[in-house]
>>> print(open('input18.cif').read())   # mmCIF, C-alpha atoms
data_data
loop_
_atom_site.label_atom_id
_atom_site.label_comp_id
_atom_site.auth_asym_id
_atom_site.auth_seq_id
_atom_site.Cartn_x
_atom_site.Cartn_y
_atom_site.Cartn_z
CA MET A 1 102.57 70.55 85.38
CA THR A 2 102.09 71.51 81.73
CA LEU A 3 104.38 70.87 78.79
CA ARG A 4 104.71 74.20 76.94
CA ILE A 5 107.24 76.56 75.37
CA PRO A 6 108.10 79.29 77.92
CA ALA A 7 108.48 82.91 76.69
CA GLY A 8 111.91 83.42 75.11
CA ASP A 9 112.53 79.69 74.75
CA THR A 10 112.46 77.43 71.67
CA LEU A 11 111.60 74.02 73.15
CA PRO A 12 108.66 72.70 75.22
CA ARG A 13 109.45 72.47 78.95
CA HIS A 14 107.62 71.12 81.99
CA VAL A 15 106.19 74.23 83.67
CA CYS A 16 104.43 74.19 87.05
CA ASP A 17 100.97 75.77 86.66
CA ALA A 18 100.96 76.84 90.32
CA CYS A 19 104.36 78.53 90.72
CA GLN A 20 105.50 78.88 87.06
CA THR A 21 108.80 77.12 87.82
CA ILE A 22 110.35 75.68 84.66
CA HIS A 23 111.66 72.15 85.22
CA TYR A 24 114.39 71.76 82.59
CA GLN A 25 115.47 68.25 81.65
CA ASN A 26 119.05 68.04 80.43
CA PRO A 27 121.50 65.23 79.67
CA LYS A 28 123.12 63.56 82.65
CA ILE A 29 126.83 62.90 82.99
CA VAL A 30 128.01 59.38 83.71
CA ALA A 31 131.58 59.49 85.00
CA GLY A 32 133.67 56.34 85.01
CA CYS A 33 137.18 55.02 84.70
CA ILE A 34 139.44 52.25 83.55
CA PRO A 35 141.35 51.28 86.73
CA GLU A 36 144.76 50.03 85.52
CA TRP A 37 147.10 47.69 87.36
CA GLU A 38 150.11 45.91 85.85
CA GLY A 39 148.60 45.47 82.40
CA ARG A 40 145.18 44.51 83.70
CA VAL A 41 141.95 46.47 84.21
CA LEU A 42 139.38 46.23 86.97
CA LEU A 43 135.81 45.29 86.09
CA CYS A 44 132.73 44.93 88.29
CA ARG A 45 129.88 42.44 87.88
CA ARG A 46 126.66 44.36 88.38
CA ALA A 47 124.44 43.59 91.39
CA ILE A 48 121.80 46.03 90.12
CA GLU A 49 119.54 46.51 87.12
CA PRO A 50 119.84 47.25 84.29
CA ARG A 51 122.11 44.40 83.15
CA TYR A 52 122.26 42.56 86.48
CA GLY A 53 125.10 40.01 86.42
CA TYR A 54 126.97 41.60 83.50
CA TRP A 55 130.47 43.08 83.69
CA THR A 56 131.15 46.81 83.54
CA LEU A 57 133.72 49.49 84.24
CA PRO A 58 133.01 51.41 87.45
CA ALA A 59 130.85 54.38 86.41
CA GLY A 60 127.80 56.28 87.57
CA PHE A 61 125.89 59.54 87.65
CA MET A 62 127.91 62.60 88.58
CA GLU A 63 126.56 64.43 91.63
CA ASN A 64 126.08 68.16 92.17
CA GLY A 65 129.10 69.93 93.67
CA GLU A 66 131.80 67.54 92.46
CA SER A 67 134.25 67.64 89.55
CA THR A 68 134.17 65.13 86.70
CA ALA A 69 137.38 63.38 87.85
CA ALA A 70 136.18 63.29 91.47
CA ALA A 71 132.94 61.68 90.31
CA ALA A 72 134.83 58.96 88.43
CA ALA A 73 137.05 58.30 91.46
CA ARG A 74 134.03 58.15 93.80
CA GLU A 75 132.28 55.60 91.59
CA ALA A 76 135.37 53.34 91.61
CA LEU A 77 135.44 53.57 95.38
CA GLU A 78 131.71 52.83 95.75
CA GLU A 79 131.45 50.01 93.24
CA ALA A 80 134.86 48.37 93.62
CA GLU A 81 136.38 49.75 96.84
CA ALA A 82 139.14 50.91 94.50
CA GLU A 83 141.33 53.98 94.90
CA VAL A 84 142.30 55.37 91.51
CA GLU A 85 144.92 58.05 90.98
CA ASN A 86 146.12 60.34 88.19
CA LEU A 87 142.86 60.29 86.28
CA THR A 88 143.13 61.47 82.66
CA LEU A 89 140.21 61.80 80.28
CA TYR A 90 140.18 58.96 77.77
CA ALA A 91 136.81 59.06 76.01
CA MET A 92 133.68 61.20 75.79
CA TYR A 93 130.62 59.53 74.31
CA SER A 94 127.16 61.05 73.82
CA LEU A 95 124.37 58.51 74.21
CA THR A 96 121.74 60.53 72.38
CA HIS A 97 118.95 57.94 72.69
CA ILE A 98 119.05 58.10 76.49
CA SER A 99 120.46 61.64 76.93
CA GLN A 100 123.61 60.65 78.77
CA VAL A 101 127.20 61.78 78.29
CA TYR A 102 129.84 59.25 79.33
CA LEU A 103 133.17 60.64 80.52
CA MET A 104 135.64 57.78 80.78
CA PHE A 105 139.01 58.34 82.43
CA ARG A 106 142.10 56.16 82.73
CA GLY A 107 143.49 55.89 86.25
CA ALA A 108 146.09 53.99 88.25
CA LEU A 109 144.57 51.48 90.67
CA LYS A 110 146.38 52.07 93.95
CA GLU A 111 148.34 48.99 95.00
CA GLY A 112 146.05 46.84 92.85
CA ARG A 113 143.57 46.67 95.73
CA ALA A 114 139.82 46.32 95.25
CA GLY A 115 136.79 44.88 97.00
CA VAL A 116 133.16 44.07 96.28
CA GLY A 117 131.15 47.28 96.56
CA ARG A 118 127.45 47.47 97.42
CA GLU A 119 126.36 47.57 93.75
CA SER A 120 128.64 44.72 92.64
CA LEU A 121 128.45 40.92 92.83
CA GLU A 122 132.15 40.49 92.10
CA VAL A 123 135.16 42.60 91.08
CA LYS A 124 138.20 41.29 89.21
CA LEU A 125 141.33 42.32 87.33
CA PHE A 126 141.38 41.21 83.68
CA ALA A 127 144.14 41.03 81.10
CA GLU A 128 142.98 41.67 77.51
CA GLU A 129 142.65 37.98 76.67
CA GLU A 130 140.50 37.39 79.76
CA ILE A 131 137.89 40.12 79.11
CA PRO A 132 134.38 38.59 79.02
CA TRP A 133 133.45 40.38 75.77
CA GLU A 134 130.10 38.62 75.46
CA GLU A 135 129.13 39.42 79.04
CA LEU A 136 129.79 43.18 79.07
CA ALA A 137 126.88 45.28 80.32
CA PHE A 138 126.75 48.11 77.76
CA PRO A 139 127.95 48.96 74.22
CA VAL A 140 129.77 52.02 75.62
CA VAL A 141 131.83 49.77 77.92
CA ARG A 142 132.70 47.42 75.04
CA GLU A 143 133.76 50.35 72.81
CA THR A 144 135.90 51.89 75.57
CA LEU A 145 137.69 48.62 76.36
CA ARG A 146 138.15 47.67 72.69
CA ARG A 147 139.82 51.01 71.95
CA TYR A 148 141.83 50.89 75.16
CA PHE A 149 143.45 47.52 74.50
CA GLU A 150 144.11 48.46 70.87
CA GLU A 151 146.04 51.48 72.13
CA CYS A 152 147.80 49.46 74.84
CA ARG A 153 149.28 47.33 72.04
CA GLN A 154 150.28 50.50 70.13
CA GLY A 155 151.72 52.05 73.27
CA SER A 156 150.04 55.47 73.10
CA PHE A 157 146.67 56.81 74.16
CA GLY A 158 144.48 59.42 72.46
CA LEU A 159 141.16 61.04 73.36
CA HIS A 160 138.16 59.33 71.82
CA MET A 161 134.81 60.80 70.95
CA GLY A 162 131.63 59.55 69.39
CA ASP A 163 127.87 59.10 69.60
CA PHE A 164 125.73 56.13 70.41
CA GLY A 165 122.16 56.33 69.15
CA ARG A 166 119.34 54.11 68.00
CA GLY A 167 119.07 53.21 64.31
CA PRO A 168 115.77 52.77 62.43
CA ASP A 169 115.67 49.08 63.44
CA GLY A 170 116.01 49.99 67.13
CA ARG A 171 119.58 48.73 67.45
CA VAL A 172 122.24 50.89 69.05
CA ILE A 173 124.65 52.35 66.46
CA PHE A 174 128.06 53.84 67.26
CA ARG A 175 129.47 56.70 65.24
CA ARG A 176 133.04 57.68 65.92
CA TYR A 177 134.40 61.17 65.27
CA MET B 1 108.13 67.05 98.12
CA THR B 2 110.43 65.90 100.93
CA LEU B 3 114.22 65.93 101.04
CA ARG B 4 115.28 62.47 102.24
CA ILE B 5 117.69 59.59 101.52
CA PRO B 6 115.85 56.97 99.43
CA ALA B 7 116.43 53.26 100.19
CA GLY B 8 119.71 52.08 98.66
CA ASP B 9 120.99 55.62 98.13
CA THR B 10 123.62 57.60 100.02
CA LEU B 11 122.52 61.22 99.46
CA PRO B 12 119.31 63.15 100.24
CA ARG B 13 117.03 63.55 97.22
CA HIS B 14 113.79 65.40 96.53
CA VAL B 15 111.11 62.71 96.75
CA CYS B 16 107.44 63.30 95.89
CA ASP B 17 105.29 62.28 98.88
CA ALA B 18 102.34 61.51 96.60
CA CYS B 19 103.90 59.34 93.89
CA GLN B 20 107.34 58.50 95.43
CA THR B 21 109.13 59.75 92.29
CA ILE B 22 112.74 60.66 93.07
CA HIS B 23 113.72 63.97 91.44
CA TYR B 24 117.51 63.70 91.04
CA GLN B 25 119.46 66.90 90.57
CA ASN B 26 122.70 66.45 88.63
CA PRO B 27 125.27 68.77 87.06
CA LYS B 28 124.32 70.37 83.77
CA ILE B 29 126.52 70.45 80.71
CA VAL B 30 127.28 73.79 79.08
CA ALA B 31 128.56 73.19 75.54
CA GLY B 32 130.38 75.95 73.72
CA CYS B 33 133.05 76.65 71.17
CA ILE B 34 135.81 78.93 70.01
CA PRO B 35 134.77 79.82 66.43
CA GLU B 36 138.05 80.40 64.54
CA TRP B 37 138.52 82.48 61.41
CA GLU B 38 141.85 83.63 59.98
CA GLY B 39 143.59 84.04 63.32
CA ARG B 40 140.59 85.62 65.00
CA VAL B 41 137.83 84.27 67.25
CA LEU B 42 134.16 85.13 67.39
CA LEU B 43 132.72 86.55 70.60
CA CYS B 44 129.16 87.57 71.47
CA ARG B 45 128.07 90.44 73.69
CA ARG B 46 125.33 89.10 75.96
CA ALA B 47 121.77 90.44 75.61
CA ILE B 48 120.65 88.38 78.62
CA GLU B 49 121.39 88.07 82.32
CA PRO B 50 123.62 87.06 83.97
CA ARG B 51 126.39 89.42 82.80
CA TYR B 52 124.27 91.44 80.36
CA GLY B 53 126.52 93.51 78.09
CA TYR B 54 129.66 91.42 78.68
CA TRP B 55 131.50 89.42 76.02
CA THR B 56 131.44 85.62 75.89
CA LEU B 57 132.11 82.62 73.69
CA PRO B 58 128.92 81.09 72.27
CA ALA B 59 127.86 78.43 74.80
CA GLY B 60 124.73 77.15 76.48
CA PHE B 61 122.93 74.26 78.13
CA MET B 62 123.04 70.99 76.24
CA GLU B 63 119.56 69.63 75.41
CA ASN B 64 118.25 66.08 75.69
CA GLY B 65 118.75 63.96 72.56
CA GLU B 66 121.76 65.79 71.14
CA SER B 67 125.49 65.08 71.18
CA THR B 68 128.00 67.35 72.90
CA ALA B 69 129.45 68.64 69.61
CA ALA B 70 125.98 69.18 68.14
CA ALA B 71 125.04 71.21 71.23
CA ALA B 72 128.11 73.43 70.82
CA ALA B 73 127.34 73.96 67.11
CA ARG B 74 123.68 74.77 67.87
CA GLU B 75 124.64 77.40 70.44
CA ALA B 76 126.96 79.11 67.93
CA LEU B 77 124.10 79.17 65.43
CA GLU B 78 121.59 80.51 67.97
CA GLU B 79 123.77 83.15 69.58
CA ALA B 80 125.90 84.25 66.64
CA GLU B 81 124.22 82.87 63.49
CA ALA B 82 127.55 81.13 63.01
CA GLU B 83 128.13 77.78 61.34
CA VAL B 84 131.10 76.01 62.92
CA GLU B 85 132.72 72.91 61.46
CA ASN B 86 135.22 70.24 62.55
CA LEU B 87 134.62 70.67 66.25
CA THR B 88 137.33 69.19 68.49
CA LEU B 89 137.23 69.17 72.27
CA TYR B 90 139.56 71.78 73.71
CA ALA B 91 138.74 72.09 77.41
CA MET B 92 136.58 70.48 80.07
CA TYR B 93 136.03 72.49 83.23
CA SER B 94 133.96 71.52 86.27
CA LEU B 95 132.30 74.51 87.94
CA THR B 96 131.70 72.79 91.27
CA HIS B 97 130.12 75.83 92.99
CA ILE B 98 127.28 75.93 90.46
CA SER B 99 127.27 72.26 89.37
CA GLN B 100 128.02 72.86 85.72
CA VAL B 101 130.48 71.14 83.39
CA TYR B 102 131.77 73.28 80.54
CA LEU B 103 132.77 71.47 77.35
CA MET B 104 134.59 73.91 75.09
CA PHE B 105 135.40 72.93 71.52
CA ARG B 106 137.49 74.60 68.83
CA GLY B 107 135.74 74.90 65.47
CA ALA B 108 136.19 76.50 62.05
CA LEU B 109 133.80 79.39 61.45
CA LYS B 110 132.37 78.75 58.00
CA GLU B 111 133.31 81.55 55.58
CA GLY B 112 133.84 83.87 58.57
CA ARG B 113 130.13 84.65 58.57
CA ALA B 114 128.16 85.58 61.69
CA GLY B 115 125.14 87.62 62.73
CA VAL B 116 123.50 88.94 65.88
CA GLY B 117 121.49 86.11 67.46
CA ARG B 118 118.48 86.58 69.72
CA GLU B 119 120.55 86.39 72.93
CA SER B 120 123.30 88.75 71.72
CA LEU B 121 123.64 92.54 71.44
CA GLU B 122 126.60 92.33 69.10
CA VAL B 123 128.96 89.69 67.63
CA LYS B 124 132.49 90.34 66.44
CA LEU B 125 135.75 88.68 65.39
CA PHE B 126 138.72 89.48 67.64
CA ALA B 127 142.46 89.03 67.22
CA GLU B 128 144.34 88.31 70.47
CA GLU B 129 145.35 91.95 71.00
CA GLU B 130 141.74 93.09 70.57
CA ILE B 131 140.14 90.78 73.17
CA PRO B 132 138.23 92.85 75.77
CA TRP B 133 139.80 90.99 78.71
CA GLU B 134 138.19 93.25 81.32
CA GLU B 135 134.75 92.87 79.79
CA LEU B 136 134.54 89.08 79.54
CA ALA B 137 131.42 87.57 81.08
CA PHE B 138 132.81 84.63 83.05
CA PRO B 139 136.10 83.32 84.52
CA VAL B 140 135.71 80.13 82.46
CA VAL B 141 135.64 82.19 79.24
CA ARG B 142 138.75 84.13 80.28
CA GLU B 143 140.64 80.93 81.15
CA THR B 144 139.65 79.27 77.85
CA LEU B 145 140.73 82.26 75.74
CA ARG B 146 143.93 82.84 77.72
CA ARG B 147 145.02 79.23 77.19
CA TYR B 148 143.89 79.26 73.57
CA PHE B 149 145.95 82.28 72.52
CA GLU B 150 148.97 80.97 74.44
CA GLU B 151 148.76 77.77 72.40
CA CYS B 152 148.15 79.68 69.16
CA ARG B 153 151.54 81.32 69.70
CA GLN B 154 153.10 77.90 70.43
CA GLY B 155 151.41 76.38 67.40
CA SER B 156 149.91 73.28 69.04
CA PHE B 157 146.75 72.59 71.01
CA GLY B 158 146.22 70.25 73.96
CA LEU B 159 143.19 69.25 76.00
CA HIS B 160 142.71 71.29 79.14
CA MET B 161 141.01 70.32 82.34
CA GLY B 162 140.39 71.95 85.67
CA ASP B 163 137.91 73.01 88.33
CA PHE B 164 136.42 76.34 89.21
CA GLY B 165 135.08 76.62 92.74
CA ARG B 166 134.52 79.18 95.48
CA GLY B 167 137.27 79.80 97.99
CA PRO B 168 136.68 80.64 101.70
CA ASP B 169 136.44 84.36 100.83
CA GLY B 170 133.73 83.72 98.23
CA ARG B 171 135.96 84.41 95.24
CA VAL B 172 136.08 81.96 92.34
CA ILE B 173 139.31 79.93 92.32
CA PHE B 174 140.64 77.97 89.35
CA ARG B 175 142.60 74.76 89.82
CA ARG B 176 144.19 73.28 86.74
CA TYR B 177 144.99 69.58 86.39
#
>>> encode(input="input18.cif", output="structure tokens")
Amino acid sequence: MTLRIPAGDTLPRHVCDACQTIHYQNPKIVAGCIPEWEGRVLLCRRAIEPRYGYWTLPAGFMENGESTAAAAAREALEEAEAEVENLTLYAMYSLTHISQVYLMFRGALKEGRAGVGRESLEVKLFAEEEIPWEELAFPVVRETLRRYFEECRQGSFGLHMGDFGRGPDGRVIFRRY
Amino acid sequence: MTLRIPAGDTLPRHVCDACQTIHYQNPKIVAGCIPEWEGRVLLCRRAIEPRYGYWTLPAGFMENGESTAAAAAREALEEAEAEVENLTLYAMYSLTHISQVYLMFRGALKEGRAGVGRESLEVKLFAEEEIPWEELAFPVVRETLRRYFEECRQGSFGLHMGDFGRGPDGRVIFRRY
């Protein structure tokens, strides 16, 4: 495998010297949701790295052959044994420093039921005042929940976009747009 | 390379027998835009396969390290030498049969200027009645433009979501949600 710019391209790619196949590397989609139930939201405590033991919204890598909303629903089922319905897109965040795009939906948690999935230590419904803000797994989860509860108080929901990236000091910076 | 289910996973993956690296294959993001200028939109006639010679909106694969909006703006610059500003998300479509997610933005074409990019034969501004509906490159482009002009007439723009997939007869089916 050699890193070189293929004919007609503008960026270096991994090219197989034997068969000339170009192995493109592109951003991955992480699909997730905010499962809602009677004013509370469902969070999962992670049983896997990174951020083992920290709380997160159910979310994970989208698979080939599925739609974005189906991916978000599947992740809720896998991580929290939760059926979510009526998914609507709530936020799209580009994490440029790790080449991921987060698609976060809102969805109704069916009958408020959930269970501890294979990748979780614990799952629980939280009202705003119960959210463990200092024990959330990722900045993108904190931003999503912060915005969500702000809009719950206002009573209407928009679509939110922005970038997360690393600043010169190595810290993650959020830029809303 | 062997196709097998790695420990802790649920789907078969391409795993290197020599180094055990798992080569995940995930959906790719195609970022594009509707460049708007005085009631008209900019289309490009493709100088590349697939659909050589057909008209399309500027769009292409998102690259690592960029944001979704930056990717859409870059594609407009590459394919149509067009600077687009104030990008807002207009549609998100999952193409499940080819594992792509289209993110289509609306954006203001700066000073109405454009030129023929390397991957285009021709670029041109079209009013609704001039759109070459029978010579559009892809169903996703037709759906985006159809919805866009409908909303232009209504005077307000929403966010549109849906799936494209293959039906039992092999034809591409669109499902809006």
>>> interface_residues(input="input18.cif", of="chain B", to="chain A", cutoff="9 Å", atoms="only C-alpha atoms", output="PyMOL selection string")
chain B and resi 25-29+61-69+89+92-101+159+161-164
>>> atom_distance(input="input18.cif", atom1="atom CA of A:Val140", atom2="atom CA of A:Leu42")
16.0 Å
>>> atom_distance(input="input18.cif", atom1="atom CA of A:Phe105", atom2="atom CA of A:Pro132")
20.6 Å
>>> closest_residue(input="input18.cif", among="B:Leu77, B:Val116, B:Ala91, B:Ile173", to="B:Pro139", atoms="only C-alpha atoms")
B:Ile173
>>> calpha_fit_and_write(input="input18.cif", fixed="chain B", moving="chain A", output="CSV table (one decimal) with C-alpha atoms, in the frame of the given file")
chain,number,residue,atom,x,y,z
A,1,MET,CA,108.1,67.0,98.1
A,2,THR,CA,110.4,65.9,100.9
A,3,LEU,CA,114.2,65.9,101.0
A,4,ARG,CA,115.2,62.5,102.2
A,5,ILE,CA,117.7,59.6,101.5
A,6,PRO,CA,115.8,57.0,99.4
A,7,ALA,CA,116.4,53.3,100.2
A,8,GLY,CA,119.7,52.1,98.7
A,9,ASP,CA,121.0,55.6,98.1
A,10,THR,CA,123.6,57.6,100.0
A,11,LEU,CA,122.5,61.2,99.5
A,12,PRO,CA,119.3,63.2,100.2
A,13,ARG,CA,117.0,63.5,97.2
A,14,HIS,CA,113.8,65.4,96.5
A,15,VAL,CA,111.1,62.7,96.7
A,16,CYS,CA,107.4,63.3,95.9
A,17,ASP,CA,105.3,62.2,98.9
A,18,ALA,CA,102.3,61.5,96.6
A,19,CYS,CA,103.9,59.3,93.9
A,20,GLN,CA,107.3,58.5,95.4
A,21,THR,CA,109.1,59.7,92.3
A,22,ILE,CA,112.7,60.7,93.1
A,23,HIS,CA,113.7,64.0,91.4
A,24,TYR,CA,117.5,63.7,91.0
A,25,GLN,CA,119.5,66.9,90.6
A,26,ASN,CA,122.7,66.5,88.6
A,27,PRO,CA,125.3,68.8,87.1
A,28,LYS,CA,124.3,70.4,83.8
A,29,ILE,CA,126.5,70.4,80.7
A,30,VAL,CA,127.3,73.8,79.1
A,31,ALA,CA,128.6,73.2,75.6
A,32,GLY,CA,130.4,75.9,73.7
A,33,CYS,CA,133.1,76.7,71.2
A,34,ILE,CA,135.8,78.9,70.0
A,35,PRO,CA,134.8,79.8,66.4
A,36,GLU,CA,138.0,80.4,64.5
A,37,TRP,CA,138.5,82.5,61.4
A,38,GLU,CA,141.9,83.6,60.0
A,39,GLY,CA,143.6,84.0,63.3
A,40,ARG,CA,140.6,85.6,65.0
A,41,VAL,CA,137.8,84.3,67.3
A,42,LEU,CA,134.2,85.1,67.4
A,43,LEU,CA,132.7,86.6,70.6
A,44,CYS,CA,129.1,87.6,71.5
A,45,ARG,CA,128.1,90.5,73.7
A,46,ARG,CA,125.3,89.1,76.0
A,47,ALA,CA,121.8,90.5,75.6
A,48,ILE,CA,120.7,88.4,78.6
A,49,GLU,CA,121.4,88.1,82.3
A,50,PRO,CA,123.6,87.1,84.0
A,51,ARG,CA,126.4,89.4,82.8
A,52,TYR,CA,124.3,91.5,80.4
A,53,GLY,CA,126.5,93.5,78.1
A,54,TYR,CA,129.7,91.4,78.7
A,55,TRP,CA,131.5,89.4,76.0
A,56,THR,CA,131.4,85.6,75.9
A,57,LEU,CA,132.1,82.6,73.7
A,58,PRO,CA,128.9,81.1,72.3
A,59,ALA,CA,127.9,78.4,74.8
A,60,GLY,CA,124.7,77.1,76.5
A,61,PHE,CA,122.9,74.3,78.1
A,62,MET,CA,123.0,71.0,76.2
A,63,GLU,CA,119.6,69.6,75.4
A,64,ASN,CA,118.2,66.1,75.7
A,65,GLY,CA,118.7,64.0,72.6
A,66,GLU,CA,121.8,65.8,71.2
A,67,SER,CA,125.5,65.1,71.2
A,68,THR,CA,128.0,67.3,72.9
A,69,ALA,CA,129.4,68.6,69.6
A,70,ALA,CA,126.0,69.2,68.2
A,71,ALA,CA,125.0,71.2,71.2
A,72,ALA,CA,128.1,73.4,70.8
A,73,ALA,CA,127.3,74.0,67.1
A,74,ARG,CA,123.7,74.8,67.9
A,75,GLU,CA,124.6,77.4,70.5
A,76,ALA,CA,127.0,79.1,67.9
A,77,LEU,CA,124.1,79.2,65.5
A,78,GLU,CA,121.6,80.5,68.0
A,79,GLU,CA,123.8,83.2,69.6
A,80,ALA,CA,125.9,84.2,66.6
A,81,GLU,CA,124.2,82.9,63.5
A,82,ALA,CA,127.5,81.1,63.0
A,83,GLU,CA,128.1,77.8,61.3
A,84,VAL,CA,131.1,76.0,62.9
A,85,GLU,CA,132.7,72.9,61.5
A,86,ASN,CA,135.2,70.2,62.6
A,87,LEU,CA,134.6,70.7,66.3
A,88,THR,CA,137.3,69.2,68.5
A,89,LEU,CA,137.2,69.2,72.3
A,90,TYR,CA,139.6,71.8,73.7
A,91,ALA,CA,138.7,72.1,77.4
A,92,MET,CA,136.6,70.5,80.1
A,93,TYR,CA,136.0,72.5,83.2
A,94,SER,CA,134.0,71.5,86.3
A,95,LEU,CA,132.3,74.5,88.0
A,96,THR,CA,131.7,72.8,91.3
A,97,HIS,CA,130.1,75.8,93.0
A,98,ILE,CA,127.3,75.9,90.5
A,99,SER,CA,127.3,72.3,89.4
A,100,GLN,CA,128.0,72.9,85.7
A,101,VAL,CA,130.5,71.1,83.4
A,102,TYR,CA,131.8,73.3,80.5
A,103,LEU,CA,132.8,71.5,77.4
A,104,MET,CA,134.6,73.9,75.1
A,105,PHE,CA,135.4,72.9,71.5
A,106,ARG,CA,137.5,74.6,68.8
A,107,GLY,CA,135.7,74.9,65.5
A,108,ALA,CA,136.2,76.5,62.1
A,109,LEU,CA,133.8,79.4,61.4
A,110,LYS,CA,132.4,78.8,58.0
A,111,GLU,CA,133.3,81.6,55.6
A,112,GLY,CA,133.8,83.9,58.6
A,113,ARG,CA,130.1,84.7,58.6
A,114,ALA,CA,128.2,85.6,61.7
A,115,GLY,CA,125.1,87.6,62.7
A,116,VAL,CA,123.5,88.9,65.9
A,117,GLY,CA,121.5,86.1,67.5
A,118,ARG,CA,118.5,86.6,69.7
A,119,GLU,CA,120.6,86.4,72.9
A,120,SER,CA,123.3,88.8,71.7
A,121,LEU,CA,123.7,92.5,71.4
A,122,GLU,CA,126.6,92.3,69.1
A,123,VAL,CA,129.0,89.7,67.6
A,124,LYS,CA,132.5,90.3,66.5
A,125,LEU,CA,135.7,88.7,65.4
A,126,PHE,CA,138.7,89.5,67.6
A,127,ALA,CA,142.5,89.0,67.2
A,128,GLU,CA,144.3,88.3,70.5
A,129,GLU,CA,145.3,91.9,71.0
A,130,GLU,CA,141.7,93.1,70.6
A,131,ILE,CA,140.1,90.8,73.2
A,132,PRO,CA,138.2,92.9,75.8
A,133,TRP,CA,139.8,91.0,78.7
A,134,GLU,CA,138.2,93.2,81.3
A,135,GLU,CA,134.8,92.9,79.8
A,136,LEU,CA,134.5,89.1,79.5
A,137,ALA,CA,131.4,87.6,81.1
A,138,PHE,CA,132.8,84.6,83.1
A,139,PRO,CA,136.1,83.3,84.5
A,140,VAL,CA,135.7,80.1,82.5
A,141,VAL,CA,135.6,82.2,79.2
A,142,ARG,CA,138.8,84.1,80.3
A,143,GLU,CA,140.6,80.9,81.1
A,144,THR,CA,139.7,79.3,77.9
A,145,LEU,CA,140.7,82.2,75.7
A,146,ARG,CA,143.9,82.8,77.7
A,147,ARG,CA,145.0,79.2,77.2
A,148,TYR,CA,143.9,79.3,73.6
A,149,PHE,CA,146.0,82.3,72.5
A,150,GLU,CA,149.0,81.0,74.4
A,151,GLU,CA,148.8,77.8,72.4
A,152,CYS,CA,148.1,79.7,69.1
A,153,ARG,CA,151.5,81.3,69.7
A,154,GLN,CA,153.1,77.9,70.4
A,155,GLY,CA,151.4,76.4,67.4
A,156,SER,CA,149.9,73.3,69.0
A,157,PHE,CA,146.8,72.6,71.0
A,158,GLY,CA,146.2,70.2,73.9
A,159,LEU,CA,143.2,69.2,76.0
A,160,HIS,CA,142.7,71.3,79.1
A,161,MET,CA,141.0,70.3,82.3
A,162,GLY,CA,140.4,72.0,85.7
A,163,ASP,CA,137.9,73.0,88.3
A,164,PHE,CA,136.4,76.3,89.2
A,165,GLY,CA,135.1,76.6,92.7
A,166,ARG,CA,134.5,79.2,95.5
A,167,GLY,CA,137.3,79.8,98.0
A,168,PRO,CA,136.7,80.7,101.7
A,169,ASP,CA,136.5,84.4,100.8
A,170,GLY,CA,133.7,83.7,98.2
A,171,ARG,CA,136.0,84.4,95.2
A,172,VAL,CA,136.1,82.0,92.3
A,173,ILE,CA,139.3,79.9,92.3
A,174,PHE,CA,140.7,78.0,89.3
A,175,ARG,CA,142.6,74.8,89.8
A,176,ARG,CA,144.2,73.3,86.7
A,177,TYR,CA,145.0,69.6,86.4
>>> build_atoms(input="input18.cif", residues="stretch 5-12 of chain A", atoms="N, CA, C and O atoms", output="compact mmCIF listing (two decimals), in the frame of the given file")
# COMPACT_ATOMS: atom_id res chain seq x y z
N ILE A 5 106.03 75.79 75.68
CA ILE A 5 107.24 76.56 75.37
C ILE A 5 107.20 77.87 76.16
O ILE A 5 106.34 78.72 75.92
N PRO A 6 108.11 78.04 77.14
CA PRO A 6 108.10 79.29 77.92
C PRO A 6 108.50 80.49 77.03
O PRO A 6 109.16 80.30 76.00
N ALA A 7 108.11 81.69 77.42
CA ALA A 7 108.48 82.91 76.69
C ALA A 7 110.00 82.99 76.55
O ALA A 7 110.73 82.76 77.51
N GLY A 8 110.48 83.28 75.34
CA GLY A 8 111.91 83.42 75.11
C GLY A 8 112.63 82.10 74.91
O GLY A 8 113.84 82.08 74.73
N ASP A 9 111.90 81.00 74.93
CA ASP A 9 112.53 79.69 74.75
C ASP A 9 112.15 79.15 73.37
O ASP A 9 111.34 79.75 72.65
N THR A 10 112.76 78.02 72.99
CA THR A 10 112.46 77.43 71.67
C THR A 10 111.92 76.01 71.78
O THR A 10 111.44 75.46 70.80
N LEU A 11 112.02 75.41 72.97
CA LEU A 11 111.60 74.02 73.15
C LEU A 11 110.54 73.92 74.24
O LEU A 11 110.53 74.73 75.17
N PRO A 12 109.65 72.90 74.14
CA PRO A 12 108.66 72.70 75.22
C PRO A 12 109.36 72.26 76.51
O PRO A 12 110.31 71.48 76.47
